[in-house]
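What's in structure.pdb: PDB, C-alpha atoms, pLDDT in the B column
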ATOM      1  CA  MET T   1       0.000   0.000   0.000  1.00 57.00           C
ATOM      2  CA  ALA T   2       1.442   3.334  -1.095  1.00 66.00           C
ATOM      3  CA  LEU T   3       2.057   5.934   1.547  1.00 85.00           C
ATOM      4  CA  ALA T   4       0.190   9.204   1.242  1.00 90.00           C
ATOM      5  CA  GLU T   5       1.800  12.610   1.059  1.00 95.00           C
ATOM      6  CA  ILE T   6       0.920  14.390   4.315  1.00 97.00           C
ATOM      7  CA  ARG T   7       1.185  18.169   4.310  1.00 96.00           C
ATOM      8  CA  LEU T   8      -0.559  21.452   4.992  1.00 96.00           C
ATOM      9  CA  VAL T   9      -3.434  22.199   2.629  1.00 95.00           C
ATOM     10  CA  ARG T  10      -3.228  24.975   0.052  1.00 92.00           C
ATOM     11  CA  GLN T  11      -6.107  27.390  -0.542  1.00 91.00           C
ATOM     12  CA  GLU T  12      -6.881  25.882  -3.954  1.00 92.00           C
ATOM     13  CA  GLU T  13      -7.374  22.455  -2.334  1.00 94.00           C
ATOM     14  CA  LEU T  14     -10.186  23.484   0.031  1.00 95.00           C
ATOM     15  CA  GLU T  15     -12.848  22.084  -2.310  1.00 95.00           C
ATOM     16  CA  GLN T  16     -11.268  18.626  -2.010  1.00 96.00           C
ATOM     17  CA  ILE T  17     -11.227  18.936   1.765  1.00 97.00           C
ATOM     18  CA  ASN T  18     -14.860  20.011   1.807  1.00 96.00           C
ATOM     19  CA  ARG T  19     -15.721  16.834  -0.127  1.00 96.00           C
ATOM     20  CA  LEU T  20     -14.273  14.868   2.815  1.00 97.00           C
ATOM     21  CA  ARG T  21     -15.955  17.154   5.339  1.00 97.00           C
ATOM     22  CA  ALA T  22     -19.286  16.420   3.643  1.00 97.00           C
ATOM     23  CA  GLN T  23     -18.725  12.706   4.313  1.00 96.00           C
ATOM     24  CA  ALA T  24     -18.006  13.434   7.986  1.00 95.00           C
ATOM     25  CA  ALA T  25     -21.035  15.739   8.173  1.00 96.00           C
ATOM     26  CA  ALA T  26     -23.265  12.983   6.762  1.00 96.00           C
ATOM     27  CA  LEU T  27     -22.032  10.587   9.455  1.00 95.00           C
ATOM     28  CA  HIS T  28     -22.713  13.173  12.175  1.00 95.00           C
ATOM     29  CA  ASN T  29     -26.109  14.060  10.700  1.00 96.00           C
ATOM     30  CA  GLN T  30     -27.042  10.384  10.664  1.00 96.00           C
ATOM     31  CA  GLY T  31     -25.815   9.824  14.236  1.00 95.00           C
ATOM     32  CA  ARG T  32     -27.178  13.057  15.754  1.00 95.00           C
ATOM     33  CA  PRO T  33     -29.689  14.748  13.438  1.00 96.00           C
ATOM     34  CA  ASP T  34     -30.902  16.708  16.481  1.00 95.00           C
ATOM     35  CA  ILE T  35     -27.538  18.504  16.534  1.00 95.00           C
ATOM     36  CA  TYR T  36     -25.950  18.267  13.076  1.00 96.00           C
ATOM     37  CA  PRO T  37     -27.620  19.524   9.896  1.00 95.00           C
ATOM     38  CA  PRO T  38     -26.651  18.183   6.472  1.00 95.00           C
ATOM     39  CA  PHE T  39     -23.500  19.637   4.894  1.00 96.00           C
ATOM     40  CA  SER T  40     -24.178  23.025   3.345  1.00 95.00           C
ATOM     41  CA  PRO T  41     -22.446  25.799   1.384  1.00 95.00           C
ATOM     42  CA  ALA T  42     -22.302  27.785   4.648  1.00 94.00           C
ATOM     43  CA  LEU T  43     -20.396  24.987   6.348  1.00 93.00           C
ATOM     44  CA  ALA T  44     -18.055  24.743   3.357  1.00 94.00           C
ATOM     45  CA  ALA T  45     -17.387  28.497   3.490  1.00 93.00           C
ATOM     46  CA  GLN T  46     -16.702  28.300   7.233  1.00 93.00           C
ATOM     47  CA  LEU T  47     -13.491  26.357   6.607  1.00 92.00           C
ATOM     48  CA  ALA T  48     -11.756  29.278   4.874  1.00 90.00           C
ATOM     49  CA  GLU T  49     -12.793  31.545   7.756  1.00 90.00           C
ATOM     50  CA  ARG T  50     -11.447  29.138  10.369  1.00 89.00           C
ATOM     51  CA  LEU T  51      -8.097  29.037   8.596  1.00 89.00           C
ATOM     52  CA  GLN T  52      -7.666  32.757   9.242  1.00 89.00           C
ATOM     53  CA  ASP T  53      -6.935  31.750  12.846  1.00 92.00           C
ATOM     54  CA  PRO T  54      -3.119  31.757  13.239  1.00 93.00           C
ATOM     55  CA  GLY T  55      -3.479  28.891  15.724  1.00 94.00           C
ATOM     56  CA  ALA T  56      -5.189  26.635  13.171  1.00 96.00           C
ATOM     57  CA  GLU T  57      -3.666  24.289  10.610  1.00 96.00           C
ATOM     58  CA  LEU T  58      -5.400  22.209   7.992  1.00 97.00           C
ATOM     59  CA  VAL T  59      -3.476  19.027   7.272  1.00 98.00           C
ATOM     60  CA  ALA T  60      -4.298  16.485   4.589  1.00 97.00           C
ATOM     61  CA  ALA T  61      -3.188  13.180   3.169  1.00 97.00           C
ATOM     62  CA  PHE T  62      -2.940  13.154  -0.607  1.00 97.00           C
ATOM     63  CA  ARG T  63      -2.765  10.153  -2.914  1.00 94.00           C
ATOM     64  CA  GLN T  64      -2.124  10.820  -6.586  1.00 90.00           C
ATOM     65  CA  GLY T  65      -3.044  14.460  -6.042  1.00 90.00           C
ATOM     66  CA  SER T  66      -6.407  13.697  -4.446  1.00 94.00           C
ATOM     67  CA  ALA T  67      -7.249  14.321  -0.784  1.00 96.00           C
ATOM     68  CA  ALA T  68      -7.693  11.009   1.036  1.00 97.00           C
ATOM     69  CA  GLY T  69      -7.930  12.360   4.592  1.00 97.00           C
ATOM     70  CA  TYR T  70      -7.765  15.597   6.537  1.00 98.00           C
ATOM     71  CA  ALA T  71      -7.507  17.113   9.994  1.00 98.00           C
ATOM     72  CA  LEU T  72      -8.230  20.585  11.288  1.00 97.00           C
ATOM     73  CA  VAL T  73      -5.776  21.148  14.134  1.00 98.00           C
ATOM     74  CA  LEU T  74      -5.993  23.946  16.683  1.00 97.00           C
ATOM     75  CA  TYR T  75      -3.065  25.000  18.856  1.00 97.00           C
ATOM     76  CA  ARG T  76      -4.371  26.658  22.002  1.00 95.00           C
ATOM     77  CA  GLU T  77      -2.949  28.394  25.073  1.00 92.00           C
ATOM     78  CA  ILE T  78      -5.403  27.828  27.903  1.00 92.00           C
ATOM     79  CA  PRO T  79      -4.855  30.299  30.753  1.00 94.00           C
ATOM     80  CA  SER T  80      -4.855  29.335  34.401  1.00 95.00           C
ATOM     81  CA  THR T  81      -8.067  29.846  36.338  1.00 96.00           C
ATOM     82  CA  PRO T  82      -8.958  29.123  39.942  1.00 96.00           C
ATOM     83  CA  HIS T  83     -10.325  25.798  38.660  1.00 94.00           C
ATOM     84  CA  SER T  84      -7.584  24.681  36.274  1.00 93.00           C
ATOM     85  CA  VAL T  85      -3.905  24.894  35.513  1.00 94.00           C
ATOM     86  CA  GLY T  86      -2.859  26.784  32.387  1.00 92.00           C
ATOM     87  CA  ARG T  87      -1.690  24.583  29.567  1.00 93.00           C
ATOM     88  CA  ARG T  88      -0.906  24.370  25.881  1.00 94.00           C
ATOM     89  CA  VAL T  89      -3.238  22.047  24.012  1.00 95.00           C
ATOM     90  CA  CYS T  90      -3.064  20.660  20.512  1.00 97.00           C
ATOM     91  CA  HIS T  91      -6.705  19.925  19.693  1.00 97.00           C
ATOM     92  CA  ILE T  92      -7.865  17.960  16.662  1.00 98.00           C
ATOM     93  CA  ASP T  93     -11.101  19.746  15.887  1.00 97.00           C
ATOM     94  CA  GLU T  94     -12.005  17.786  12.743  1.00 97.00           C
ATOM     95  CA  PHE T  95     -10.619  14.522  11.407  1.00 97.00           C
ATOM     96  CA  GLY T  96     -11.772  12.396   8.512  1.00 96.00           C
ATOM     97  CA  VAL T  97     -10.625   9.819   6.006  1.00 97.00           C
ATOM     98  CA  ASP T  98     -12.291   9.301   2.643  1.00 96.00           C
ATOM     99  CA  GLU T  99     -14.760   6.416   2.770  1.00 94.00           C
ATOM    100  CA  ASP T 100     -12.858   4.724  -0.092  1.00 93.00           C
ATOM    101  CA  CYS T 101      -9.491   5.031   1.698  1.00 93.00           C
ATOM    102  CA  ARG T 102     -10.306   3.745   5.160  1.00 92.00           C
ATOM    103  CA  ARG T 103      -8.270   0.939   6.700  1.00 91.00           C
ATOM    104  CA  GLN T 104      -5.307   1.877   4.518  1.00 91.00           C
ATOM    105  CA  LYS T 105      -3.222   3.638   7.223  1.00 94.00           C
ATOM    106  CA  ILE T 106      -4.226   7.146   6.055  1.00 96.00           C
ATOM    107  CA  GLY T 107      -5.519   8.078   9.526  1.00 96.00           C
ATOM    108  CA  ALA T 108      -2.388   6.737  11.201  1.00 96.00           C
ATOM    109  CA  GLN T 109      -0.187   8.741   8.831  1.00 96.00           C
ATOM    110  CA  LEU T 110      -2.182  11.904   9.546  1.00 97.00           C
ATOM    111  CA  LEU T 111      -1.849  11.375  13.289  1.00 97.00           C
ATOM    112  CA  ASP T 112       1.897  10.744  13.002  1.00 96.00           C
ATOM    113  CA  PHE T 113       2.254  14.051  11.132  1.00 97.00           C
ATOM    114  CA  ILE T 114       0.136  15.892  13.712  1.00 98.00           C
ATOM    115  CA  LYS T 115       2.133  14.369  16.590  1.00 97.00           C
ATOM    116  CA  ALA T 116       5.398  15.507  15.008  1.00 97.00           C
ATOM    117  CA  ARG T 117       4.074  19.043  14.336  1.00 96.00           C
ATOM    118  CA  ALA T 118       2.721  19.359  17.873  1.00 97.00           C
ATOM    119  CA  ALA T 119       6.021  18.175  19.363  1.00 96.00           C
ATOM    120  CA  GLU T 120       7.960  20.650  17.170  1.00 96.00           C
ATOM    121  CA  LYS T 121       5.747  23.434  18.526  1.00 96.00           C
ATOM    122  CA  GLY T 122       6.387  22.341  22.125  1.00 94.00           C
ATOM    123  CA  PHE T 123       3.042  20.674  22.854  1.00 94.00           C
ATOM    124  CA  SER T 124       3.074  17.586  25.030  1.00 88.00           C
ATOM    125  CA  GLN T 125      -0.460  16.328  24.412  1.00 94.00           C
ATOM    126  CA  ILE T 126      -3.103  16.057  21.736  1.00 97.00           C
ATOM    127  CA  GLN T 127      -6.800  16.098  22.540  1.00 97.00           C
ATOM    128  CA  LEU T 128      -9.938  15.444  20.538  1.00 97.00           C
ATOM    129  CA  ASN T 129     -13.631  14.754  20.990  1.00 96.00           C
ATOM    130  CA  VAL T 130     -15.487  11.818  19.498  1.00 96.00           C
ATOM    131  CA  TRP T 131     -19.194  11.022  19.596  1.00 95.00           C
ATOM    132  CA  GLY T 132     -20.297   7.871  21.384  1.00 93.00           C
ATOM    133  CA  PHE T 133     -22.229   6.686  18.309  1.00 95.00           C
ATOM    134  CA  ASN T 134     -19.002   6.663  16.261  1.00 95.00           C
ATOM    135  CA  GLN T 135     -17.654   3.358  17.544  1.00 95.00           C
ATOM    136  CA  SER T 136     -15.278   2.843  14.603  1.00 94.00           C
ATOM    137  CA  ALA T 137     -13.609   6.204  15.331  1.00 95.00           C
ATOM    138  CA  ILE T 138     -13.377   5.404  19.038  1.00 96.00           C
ATOM    139  CA  ALA T 139     -11.697   2.077  18.238  1.00 96.00           C
ATOM    140  CA  PHE T 140      -9.311   3.787  15.799  1.00 96.00           C
ATOM    141  CA  TYR T 141      -8.269   6.470  18.293  1.00 97.00           C
ATOM    142  CA  GLN T 142      -7.740   3.873  21.000  1.00 97.00           C
ATOM    143  CA  ARG T 143      -5.518   1.852  18.627  1.00 96.00           C
ATOM    144  CA  MET T 144      -3.544   5.063  18.087  1.00 96.00           C
ATOM    145  CA  GLY T 145      -2.973   5.411  21.840  1.00 96.00           C
ATOM    146  CA  PHE T 146      -5.708   7.877  22.817  1.00 97.00           C
ATOM    147  CA  GLU T 147      -7.421   7.247  26.132  1.00 96.00           C
ATOM    148  CA  PRO T 148     -10.700   8.625  27.472  1.00 95.00           C
ATOM    149  CA  VAL T 149     -10.140  11.305  30.107  1.00 93.00           C
ATOM    150  CA  ARG T 150     -13.702  12.388  30.814  1.00 92.00           C
ATOM    151  CA  TYR T 151     -17.253  11.503  29.890  1.00 90.00           C
ATOM    152  CA  PHE T 152     -19.749  14.057  28.617  1.00 90.00           C
ATOM    153  CA  MET T 153     -23.190  12.672  29.324  1.00 92.00           C
ATOM    154  CA  GLU T 154     -26.728  13.698  28.531  1.00 92.00           C
ATOM    155  CA  LEU T 155     -30.249  12.722  29.422  1.00 94.00           C
ATOM    156  CA  GLN T 156     -32.912  13.171  26.746  1.00 91.00           C
ATOM    157  CA  LEU T 157     -36.197  14.545  28.103  1.00 95.00           C
TER
END
Before anything else, please render the file you have as structure tokens.
Amino acid sequence: MALAEIRLVRQEELEQINRLRAQAAALHNQGRPDIYPPFSPALAAQLAERLQDPGAELVAAFRQGSAAGYALVLYREIPSTPHSVGRRVCHIDEFGVDEDCRRQKIGAQLLDFIKARAAEKGFSQIQLNVWGFNQSAIAFYQRMGFEPVRYFMELQL
């Protein structure tokens, strides 16, 4: 299996990334239609806006010039409060692999790249959120060494 080229995304490649984001949005819409609407032009346009944040990076895996996976990574300085210690957090805000490229090590390659970038920038941890309905993602992240650190729970009324 050929390795993907992992790198930062260029402005002219955002349409390819939004194709992958639409797949992730469909999964979220199916799992939690009470929270997530279908993918829309507004959501597509939001990506360019989010990349104006100097603490954000859009990383992608490319195979033969086509995006096979992506991650939106946020580097954050969280100040100290009376309730928590200040810290620097590398947060994976979005992560997705093309449906046709799953189980081909694309996700692992993306995470390796993100780990290296975060370490270069002096971050000692990476965090992310995953929905309980997304059992395949939970299993993937656990295989990659992520561990649950808290549980966000809800009660439907």
Answer key for the PyMOL selection byres ((chain T and resi 105-116) around 7), residues as a VMD selection string: chain T and resid 4 6 61 69 97 103 to 104 117 to 120
Just so the selection is clear, what residues does the PyMOL selection byres ((chain T and resi 87) around 6) cover here, as a PDB file with C-alpha atoms, in the coordinates of the input?
ATOM      1  CA  ILE T  78      -5.403  27.828  27.903  1.00 92.00           C
ATOM      2  CA  GLY T  86      -2.859  26.784  32.387  1.00 92.00           C
ATOM      3  CA  ARG T  88      -0.906  24.370  25.881  1.00 94.00           C
TER       4      ARG T  88
END
Assuming 5 Å of padding per side, give the centre and edge lengths of the axis-aligned box around every listed atom of range 98-109 of chain T, in Å to one decimal and as lines of an AutoDock Vina configuration file.
center_x = -7.5
center_y = 5.1
center_z = 5.6
size_x = 24.6
size_y = 18.4
size_z = 21.3
All residues 8 Å or closer to range 8-22 of chain T, all atoms listed in the file, same chain fewer than 6 positions away omitted, as a list of chain:residue names: T:Phe39, T:Ala44, T:Leu47, T:Ala48, T:Glu57, T:Leu58, T:Val59, T:Ala60, T:Ser66, T:Ala67, T:Ala68, T:Gly69, T:Tyr70, T:Gly96, T:Val97, T:Asp98
For the residues selected in the previous step, produce a file with C-alpha atoms as a short mmCIF file (atom, residue, chain, number, x, y, z; two decimals), in the frame of the given file.
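The result, written out as again.cif:
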data_model
loop_
_atom_site.label_atom_id
_atom_site.label_comp_id
_atom_site.auth_asym_id
_atom_site.auth_seq_id
_atom_site.Cartn_x
_atom_site.Cartn_y
_atom_site.Cartn_z
CA PHE T 39 -23.50 19.64 4.89
CA ALA T 44 -18.06 24.74 3.36
CA LEU T 47 -13.49 26.36 6.61
CA ALA T 48 -11.76 29.28 4.87
CA GLU T 57 -3.67 24.29 10.61
CA LEU T 58 -5.40 22.21 7.99
CA VAL T 59 -3.48 19.03 7.27
CA ALA T 60 -4.30 16.48 4.59
CA SER T 66 -6.41 13.70 -4.45
CA ALA T 67 -7.25 14.32 -0.78
CA ALA T 68 -7.69 11.01 1.04
CA GLY T 69 -7.93 12.36 4.59
CA TYR T 70 -7.76 15.60 6.54
CA GLY T 96 -11.77 12.40 8.51
CA VAL T 97 -10.62 9.82 6.01
CA ASP T 98 -12.29 9.30 2.64
#
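Among the candidates T:Asn134, T:Ser124, T:Ser80, T:Gln64, the residue lying nearest to Arg32 in chain T is T:Asn134 (atoms considered: all atoms listed in the file).
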All residues 12 Å or closer to Tyr36 in chain T, all atoms listed in the file, same chain fewer than 3 positions away omitted, as a PyMOL selection string: chain T and resi 22+24-33+39-40+43+131
Near-Tyr141 in chain T list (10 Å; all atoms listed in the file; drop same-chain fewer than 3 positions) as a PyMOL selection string: chain T and resi 107-108+111+128+130+135-138+144-148
Restricting it to C-alpha atoms, dump the selection as a PDB file, in the coordinates of the input.
ATOM      1  CA  GLY T 107      -5.519   8.078   9.526  1.00 96.00           C
ATOM      2  CA  ALA T 108      -2.388   6.737  11.201  1.00 96.00           C
ATOM      3  CA  LEU T 111      -1.849  11.375  13.289  1.00 97.00           C
ATOM      4  CA  LEU T 128      -9.938  15.444  20.538  1.00 97.00           C
ATOM      5  CA  VAL T 130     -15.487  11.818  19.498  1.00 96.00           C
ATOM      6  CA  GLN T 135     -17.654   3.358  17.544  1.00 95.00           C
ATOM      7  CA  SER T 136     -15.278   2.843  14.603  1.00 94.00           C
ATOM      8  CA  ALA T 137     -13.609   6.204  15.331  1.00 95.00           C
ATOM      9  CA  ILE T 138     -13.377   5.404  19.038  1.00 96.00           C
ATOM     10  CA  MET T 144      -3.544   5.063  18.087  1.00 96.00           C
ATOM     11  CA  GLY T 145      -2.973   5.411  21.840  1.00 96.00           C
ATOM     12  CA  PHE T 146      -5.708   7.877  22.817  1.00 97.00           C
ATOM     13  CA  GLU T 147      -7.421   7.247  26.132  1.00 96.00           C
ATOM     14  CA  PRO T 148     -10.700   8.625  27.472  1.00 95.00           C
TER      15      PRO T 148
END
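Atom pair CA of Ile126 in chain T / CA of Val149 in chain T has a distance of 11.9 Å (rounded to one decimal).
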Residues near Cys90 in chain T, cut-off 7 Å, all atoms listed in the file, skip fewer than 6 positions along chain, as a ChimeraX atom specification: /T:73-76,118,123,125-127
Proximity to Gln156 in chain T - best of T:Lys121, T:Asp34, T:Pro82, T:Gly65, only C-alpha atoms: T:Asp34
Using all atoms listed in the file: which of T:Glu154, T:Arg63, T:Asn129, T:Pro79 has the shortest distance to Glu94 in chain T: T:Asn129
